[in-house]
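To start, the structure under review is shown below, and the notes come after it.
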Amino acid sequence: MKNVSIEPKRRAWVEVDLDALQSNFGSFAERLSPGCGILPMVKADAYGIGLDRAVRTLTPLGPWGFGVATTDEGTAVRSLGWAGPIIVFSPTLPADTRELLERRLEPVISGLDMLAACSLAVRAAGGSLPFHLEIDTGMGRYGLGWRDAERRAGEVAELLSFGGLRLRGTLTHFHSADTSFEHTLAQWTRFGRALDVLRLAGVDTGVVHAANSAAVLRYEEFSADLVRPGIRLYGGGEWEPRGRPVVAVRARVLDVREVEAGATVSYGATWSSPGAGRLATIGIGYGDGLRRELSNRGRVLIHGRPAPIRGVVCMDSTVIEIGDRDDVRPGDVATVLGPDGGAEIGLDEIAELCGTIDYEILTGWSRRLPRIGIHERSGR
């Protein structure tokens, strides 16, 4: 485990390895054809690592722009001094247009009705707004249906001729790039057909983008003009080659005690000690994002050795079993996620135990845990 200088009284925290974040970005860049841009997705507080830290770390690497989910997130990126493109991927409403114009954000517009409404709103505001048109090729959330794009391409061209809105790019979203080439190819084919018809109608489709992390790593032929990596930038995903872990979660040991056979632990007394032994309490719980599904199932690492979670995870603390170990003291650091010595607890391990995906684990650590940026080489 890295020697990180922190406030000694801090009970738990999240470490963000900035070198690993940059390395993961670089590994995407190495796979792309010259001229293909990278749009790091920094939504949900940059997948929980901290929006400001992610943007400042990735900016020197020359991203094409940044992707967010909401106008507020886009405003936050702009406030950090980023002058380039910021794409807001949640569908835009006409009421958003004034702020989008003021902050120079590029919205995703979904469907012809919204295209018409936003065009009117932008013209009324006296502005010119670049936007991205989403084509729904099977995700089924939002977007202009690919068949509608083929049938109504002339209407798209007419709406754009009114001015106000400028088509900066056209996109789709793969629903199964991590698991199915067949489905991904089908979506890519539908997307290509929609693009062809739009272009025949005189629409300049602009920057074309579709590929998320899994698609870039598994199907490089779908990279188009721009790729949108997310989870793998932050150390998640199970595709090869894997990215470097970016996030580690640590908590301090608050108490160590001897117990006798039959001693119970936590609410509901769901675990009792089979014999004499030692327990420790660490300063992290479900109020910090440590999932209750890990009760009596998960583990932590202390000095590179595992210690199982015993009893129900509490809001602010969790009990672990340390057996006959005599090397654990209050103030020691337990690793909840990440490397410790030669051992490691990965996002995939926690996600599997919780019956969920690594995205949810990564974004689920609460703001009560301070984010501490470190550099692998310097240890701080």
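Residues in the structure tokens are numbered from 1 in each chain, the chains being A, B, ... in the order shown, and ligands are numbered from 1 in the order shown.
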
Test item: residues at most 9 Å from Arg278 (chain A), only C-alpha atoms, excluding those fewer than 3 positions along its chain, as a ChimeraX atom specification: /A:256-260,320-326

Per residue of region 178-296 of chain A within 12 Å of region 300-304 of chain A, what are the shortest atom pair and its distance in Å to one decimal, counting only C-alpha atoms, with rows by chain and residue number, as a tab-separated table?
residue	atom	partner	partner_atom	distance
A:Ala248	CA	A:Leu301	CA	11.6
A:Val249	CA	A:Val300	CA	10.1
A:Arg250	CA	A:Val300	CA	9.3
A:Ala251	CA	A:Val300	CA	9.6
A:Arg252	CA	A:Ile302	CA	9.8
A:Val253	CA	A:Ile302	CA	9.3
A:Ala280	CA	A:Ile302	CA	10.7
A:Thr281	CA	A:Val300	CA	11.4
A:Ile282	CA	A:Val300	CA	9.7
A:Ile284	CA	A:Val300	CA	11.2
A:Leu290	CA	A:Val300	CA	11.1
A:Leu294	CA	A:Val300	CA	10.4
A:Ser295	CA	A:Val300	CA	11.8
A:Asn296	CA	A:Val300	CA	11.7

Can you write just those residues out, N, CA and C atoms, as an mmCIF file, in the first residue's frame?
data_model
loop_
_atom_site.group_PDB
_atom_site.id
_atom_site.type_symbol
_atom_site.label_atom_id
_atom_site.label_comp_id
_atom_site.auth_asym_id
_atom_site.auth_seq_id
_atom_site.Cartn_x
_atom_site.Cartn_y
_atom_site.Cartn_z
ATOM 1 N N ALA A 248 -8.985 3.539 -4.849
ATOM 2 C CA ALA A 248 -8.846 2.693 -3.668
ATOM 3 C C ALA A 248 -9.630 3.348 -2.536
ATOM 4 N N VAL A 249 -10.236 2.530 -1.699
ATOM 5 C CA VAL A 249 -10.985 3.030 -0.549
ATOM 6 C C VAL A 249 -10.341 2.470 0.708
ATOM 7 N N ARG A 250 -9.994 3.364 1.628
ATOM 8 C CA ARG A 250 -9.317 2.981 2.872
ATOM 9 C C ARG A 250 -10.140 3.430 4.077
ATOM 10 N N ALA A 251 -9.992 2.721 5.165
ATOM 11 C CA ALA A 251 -10.640 3.106 6.421
ATOM 12 C C ALA A 251 -9.725 2.758 7.583
ATOM 13 N N ARG A 252 -9.796 3.551 8.615
ATOM 14 C CA ARG A 252 -8.955 3.303 9.780
ATOM 15 C C ARG A 252 -9.599 2.303 10.734
ATOM 16 N N VAL A 253 -8.754 1.519 11.366
ATOM 17 C CA VAL A 253 -9.186 0.660 12.471
ATOM 18 C C VAL A 253 -9.449 1.559 13.677
ATOM 19 N N ALA A 280 -12.097 -6.440 15.070
ATOM 20 C CA ALA A 280 -11.727 -5.037 14.941
ATOM 21 C C ALA A 280 -12.890 -4.294 14.284
ATOM 22 N N THR A 281 -13.005 -3.026 14.598
ATOM 23 C CA THR A 281 -14.021 -2.175 13.995
ATOM 24 C C THR A 281 -13.335 -1.122 13.139
ATOM 25 N N ILE A 282 -13.802 -0.994 11.881
ATOM 26 C CA ILE A 282 -13.231 0.011 10.988
ATOM 27 C C ILE A 282 -14.253 1.122 10.744
ATOM 28 N N ILE A 284 -15.977 2.805 8.552
ATOM 29 C CA ILE A 284 -16.677 2.975 7.285
ATOM 30 C C ILE A 284 -17.925 2.122 7.318
ATOM 31 N N LEU A 290 -20.290 1.746 1.661
ATOM 32 C CA LEU A 290 -19.959 0.328 1.813
ATOM 33 C C LEU A 290 -21.266 -0.450 1.848
ATOM 34 N N LEU A 294 -22.556 -6.687 1.650
ATOM 35 C CA LEU A 294 -21.272 -7.279 2.054
ATOM 36 C C LEU A 294 -21.300 -7.817 3.477
ATOM 37 N N SER A 295 -22.400 -7.607 4.185
ATOM 38 C CA SER A 295 -22.532 -8.127 5.545
ATOM 39 C C SER A 295 -22.326 -9.635 5.557
ATOM 40 N N ASN A 296 -21.381 -10.079 6.376
ATOM 41 C CA ASN A 296 -21.068 -11.515 6.524
ATOM 42 C C ASN A 296 -20.605 -12.166 5.221
#

Test item, strand (DSSP E or B) assignment across region 65-308 of chain A, answer as a PyMOL selection string: chain A and resi 66-68+86-91+106-109+129-136+144-145+165-171+207-209+226-227+247-259+264-265+271-272+277-282+299-302+305-308

C-alpha atoms of the current selection, written as a compact mmCIF listing (two decimals), in the first residue's frame:
# COMPACT_ATOMS: atom_id res chain seq x y z
CA PHE A 66 -15.75 16.14 -22.17
CA GLY A 67 -19.07 14.31 -21.86
CA VAL A 68 -21.57 14.92 -19.07
CA ILE A 86 -18.72 19.82 -23.65
CA ILE A 87 -21.51 17.47 -24.71
CA VAL A 88 -24.58 17.13 -22.48
CA PHE A 89 -25.99 13.67 -23.15
CA SER A 90 -29.33 13.79 -21.35
CA PRO A 91 -31.95 14.90 -23.88
CA GLU A 106 -23.46 21.19 -26.82
CA PRO A 107 -26.70 19.33 -26.09
CA VAL A 108 -27.95 16.03 -27.42
CA ILE A 109 -31.37 16.51 -28.99
CA LEU A 129 -26.33 26.47 -30.68
CA PRO A 130 -24.24 23.48 -31.81
CA PHE A 131 -25.93 20.18 -30.95
CA HIS A 132 -25.66 16.43 -31.44
CA LEU A 133 -28.48 14.36 -32.90
CA GLU A 134 -28.94 10.93 -31.34
CA ILE A 135 -30.14 8.05 -33.48
CA ASP A 136 -31.81 5.25 -31.52
CA LEU A 144 -34.63 9.64 -33.29
CA GLY A 145 -35.48 6.09 -34.33
CA LEU A 165 -29.35 25.01 -34.29
CA ARG A 166 -26.12 23.77 -35.91
CA LEU A 167 -25.58 20.03 -36.18
CA ARG A 168 -22.15 19.39 -34.66
CA GLY A 169 -22.35 15.63 -34.50
CA THR A 170 -24.49 12.51 -34.84
CA LEU A 171 -24.38 9.62 -32.40
CA VAL A 207 -18.66 14.32 -35.99
CA VAL A 208 -19.90 10.73 -35.86
CA HIS A 209 -19.59 8.88 -32.54
CA LEU A 226 -14.88 10.20 -31.78
CA VAL A 227 -14.99 7.69 -28.91
CA VAL A 247 -9.71 4.11 -7.08
CA ALA A 248 -8.85 2.69 -3.67
CA VAL A 249 -10.98 3.03 -0.55
CA ARG A 250 -9.32 2.98 2.87
CA ALA A 251 -10.64 3.11 6.42
CA ARG A 252 -8.95 3.30 9.78
CA VAL A 253 -9.19 0.66 12.47
CA LEU A 254 -11.04 2.29 15.35
CA ASP A 255 -11.12 -0.54 17.90
CA VAL A 256 -9.57 -3.96 18.51
CA ARG A 257 -10.90 -6.36 21.15
CA GLU A 258 -10.75 -9.92 22.40
CA VAL A 259 -13.97 -11.94 22.27
CA THR A 264 -22.38 -11.61 18.72
CA VAL A 265 -21.79 -8.79 16.27
CA TRP A 271 -22.91 -13.62 13.38
CA SER A 272 -21.47 -15.08 16.53
CA GLY A 277 -10.62 -14.63 18.88
CA ARG A 278 -10.16 -10.99 18.00
CA LEU A 279 -12.41 -8.51 16.24
CA ALA A 280 -11.73 -5.04 14.94
CA THR A 281 -14.02 -2.18 14.00
CA ILE A 282 -13.23 0.01 10.99
CA ARG A 299 -13.66 -8.78 3.21
CA VAL A 300 -11.05 -6.08 3.70
CA LEU A 301 -7.27 -6.16 3.67
CA ILE A 302 -5.03 -5.13 6.54
CA ARG A 305 -3.86 -9.92 4.55
CA PRO A 306 -7.62 -10.55 4.33
CA ALA A 307 -10.02 -9.98 7.19
CA PRO A 308 -13.66 -11.02 6.66

What lies within 10 Å of Ala149 (chain A) using only C-alpha atoms, ignoring chain neighbours under 2 positions off, as a VMD selection string? chain A and resid 111 to 112 135 to 136 143 to 147 151 to 156 191 193 to 198

Put those residues in a file: N, CA and C atoms, as a compact mmCIF listing (two decimals), in the first residue's frame.
# COMPACT_ATOMS: atom_id res chain seq x y z
N GLY A 111 -35.20 13.41 -31.17
CA GLY A 111 -36.49 13.40 -31.86
C GLY A 111 -36.81 14.69 -32.58
N LEU A 112 -37.70 14.60 -33.56
CA LEU A 112 -38.04 15.74 -34.40
C LEU A 112 -38.82 16.80 -33.65
N ILE A 135 -29.35 9.03 -32.73
CA ILE A 135 -30.14 8.05 -33.48
C ILE A 135 -30.31 6.82 -32.61
N ASP A 136 -31.54 6.45 -32.33
CA ASP A 136 -31.81 5.25 -31.52
C ASP A 136 -31.76 4.03 -32.43
N GLY A 143 -33.89 9.24 -28.51
CA GLY A 143 -33.23 9.40 -29.80
C GLY A 143 -34.22 9.26 -30.94
N LEU A 144 -33.84 9.79 -32.08
CA LEU A 144 -34.63 9.64 -33.29
C LEU A 144 -34.47 8.21 -33.80
N GLY A 145 -35.56 7.48 -33.88
CA GLY A 145 -35.48 6.09 -34.33
C GLY A 145 -34.80 5.98 -35.68
N TRP A 146 -34.01 4.94 -35.86
CA TRP A 146 -33.24 4.84 -37.09
C TRP A 146 -34.14 4.71 -38.31
N ARG A 147 -35.29 4.06 -38.16
CA ARG A 147 -36.23 3.99 -39.28
C ARG A 147 -36.85 5.37 -39.55
N ARG A 151 -36.94 7.68 -42.93
CA ARG A 151 -38.18 8.17 -43.55
C ARG A 151 -38.31 9.69 -43.51
N ARG A 152 -37.70 10.32 -42.51
CA ARG A 152 -37.98 11.74 -42.27
C ARG A 152 -36.71 12.60 -42.34
N ALA A 153 -35.73 12.12 -43.08
CA ALA A 153 -34.48 12.87 -43.21
C ALA A 153 -34.73 14.26 -43.79
N GLY A 154 -35.69 14.36 -44.73
CA GLY A 154 -35.99 15.66 -45.32
C GLY A 154 -36.50 16.65 -44.28
N GLU A 155 -37.27 16.17 -43.29
CA GLU A 155 -37.77 17.05 -42.24
C GLU A 155 -36.62 17.55 -41.36
N VAL A 156 -35.65 16.66 -41.10
CA VAL A 156 -34.47 17.08 -40.33
C VAL A 156 -33.75 18.20 -41.07
N PHE A 191 -27.20 2.39 -37.80
CA PHE A 191 -26.67 3.75 -37.68
C PHE A 191 -26.13 4.22 -39.03
N ARG A 193 -26.96 3.23 -42.01
CA ARG A 193 -28.06 3.47 -42.95
C ARG A 193 -28.70 4.83 -42.69
N ALA A 194 -28.93 5.15 -41.40
CA ALA A 194 -29.52 6.44 -41.05
C ALA A 194 -28.61 7.59 -41.48
N LEU A 195 -27.31 7.44 -41.26
CA LEU A 195 -26.36 8.48 -41.66
C LEU A 195 -26.39 8.69 -43.18
N ASP A 196 -26.42 7.61 -43.92
CA ASP A 196 -26.43 7.72 -45.38
C ASP A 196 -27.65 8.49 -45.88
N VAL A 197 -28.81 8.17 -45.32
CA VAL A 197 -30.03 8.83 -45.77
C VAL A 197 -30.04 10.30 -45.39
N LEU A 198 -29.58 10.60 -44.19
CA LEU A 198 -29.49 12.00 -43.76
C LEU A 198 -28.57 12.79 -44.70

Measuring atom to atom with only C-alpha atoms, identify which of A:Asp225, A:Asp348, A:Asp178, A:Asp288 is nearest to Gly37 (chain A).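 Result for the nearest residue to Gly37 (chain A): A:Asp225.
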
Residues of region 122-159 of chain A classed as alpha helix (DSSP H) by DSSP on the backbone are to be reported as a PyMOL selection string. chain A and resi 122-125+146-151+153-159

Grab the residues selected above and save them as a short mmCIF file (atom, residue, chain, number, x, y, z; two decimals), in the first residue's frame with C-alpha atoms.
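What landed in out-v8.cif:
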data_model
loop_
_atom_site.label_atom_id
_atom_site.label_comp_id
_atom_site.auth_asym_id
_atom_site.auth_seq_id
_atom_site.Cartn_x
_atom_site.Cartn_y
_atom_site.Cartn_z
CA VAL A 122 -32.68 29.19 -29.74
CA ARG A 123 -33.86 31.54 -32.49
CA ALA A 124 -36.00 33.41 -29.99
CA ALA A 125 -32.94 33.86 -27.79
CA TRP A 146 -33.24 4.84 -37.09
CA ARG A 147 -36.23 3.99 -39.28
CA ASP A 148 -37.67 7.47 -38.64
CA ALA A 149 -34.31 8.95 -39.60
CA GLU A 150 -34.56 7.16 -42.93
CA ARG A 151 -38.18 8.17 -43.55
CA ALA A 153 -34.48 12.87 -43.21
CA GLY A 154 -35.99 15.66 -45.32
CA GLU A 155 -37.77 17.05 -42.24
CA VAL A 156 -34.47 17.08 -40.33
CA ALA A 157 -32.86 19.02 -43.17
CA GLU A 158 -35.75 21.49 -43.27
CA LEU A 159 -35.64 22.15 -39.52
#

Give the answer as one residue: which of A:Ile345, A:Ala177, A:Ala29, A:Ala54 has the shortest atom-to-atom distance to Ile372 (chain A), using only C-alpha atoms? A:Ala54

Just the residues within 8 Å of Met114 (chain A), please, counting only C-alpha atoms, with nothing from its chain fewer than 6 positions along; format it as an mmCIF file with C-alpha atoms, in the first residue's frame.
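result24.cif, written as the output of this step:
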data_model
loop_
_atom_site.group_PDB
_atom_site.id
_atom_site.type_symbol
_atom_site.label_atom_id
_atom_site.label_comp_id
_atom_site.auth_asym_id
_atom_site.auth_seq_id
_atom_site.Cartn_x
_atom_site.Cartn_y
_atom_site.Cartn_z
ATOM 1 C CA THR A 92 -32.354 18.659 -24.012
ATOM 2 C CA LEU A 93 -35.574 20.546 -23.283
ATOM 3 C CA PRO A 94 -36.344 23.969 -24.738
#

Please tabulate, as a Markdown table, the residues of region 30-90 of chain A that come within 9 Å of region 11-23 of chain A, each with its closest pair of atoms and the distance in Å to one decimal, counting only C-alpha atoms and ordering rows by chain, then residue number upward.
| residue | atom | partner | partner_atom | distance |
| --- | --- | --- | --- | --- |
| A:Ile49 | CA | A:Val16 | CA | 6.5 |
| A:Gly50 | CA | A:Val16 | CA | 8.8 |
| A:Arg53 | CA | A:Leu18 | CA | 8.4 |
| A:Ala54 | CA | A:Leu21 | CA | 8.0 |
| A:Thr57 | CA | A:Leu18 | CA | 6.7 |
| A:Leu58 | CA | A:Gln22 | CA | 6.5 |
| A:Leu61 | CA | A:Gln22 | CA | 7.7 |

So that I can check the surroundings of Gly84 (chain A), please list as JSON, numbers by chain every protein, DNA and RNA residue that reaches within 12 Å of it, counting only C-alpha atoms and ignoring chain neighbours fewer than 5 positions away. {"A": [39, 55, 59, 62, 63, 64, 65, 66, 67, 74, 77, 78, 79, 103, 104, 105, 106]}

Of the residues A:Pro274, A:Tyr47, A:Thr97, A:Trp188, which is the one nearest to Thr71 (chain A), using only C-alpha atoms?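 The answer is A:Thr97, which sits nearest to Thr71 (chain A).
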
Residues near Glu349 (chain A), anyone? I mean within 12 Å using only C-alpha atoms, not counting same-chain ones fewer than 2 positions away, as an NGL selection string. :A and (236-238 or 294 or 297-300 or 336-338 or 344-347 or 351-358 or 361)

I'd like the neighbourhood of Gln187 (chain A) as a ChimeraX atom specification, where a residue qualifies if any of its atoms comes within 9 Å (using only C-alpha atoms), though same-chain residues fewer than 4 positions away should be ignored. /A:136-139,172-175,182-183,191-192

Please compute the CA of Arg10 (chain A)-CA of Gly48 (chain A) distance, one decimal, in Å.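 We find that CA of Arg10 (chain A) and CA of Gly48 (chain A) lie 19.1 Å from each other.
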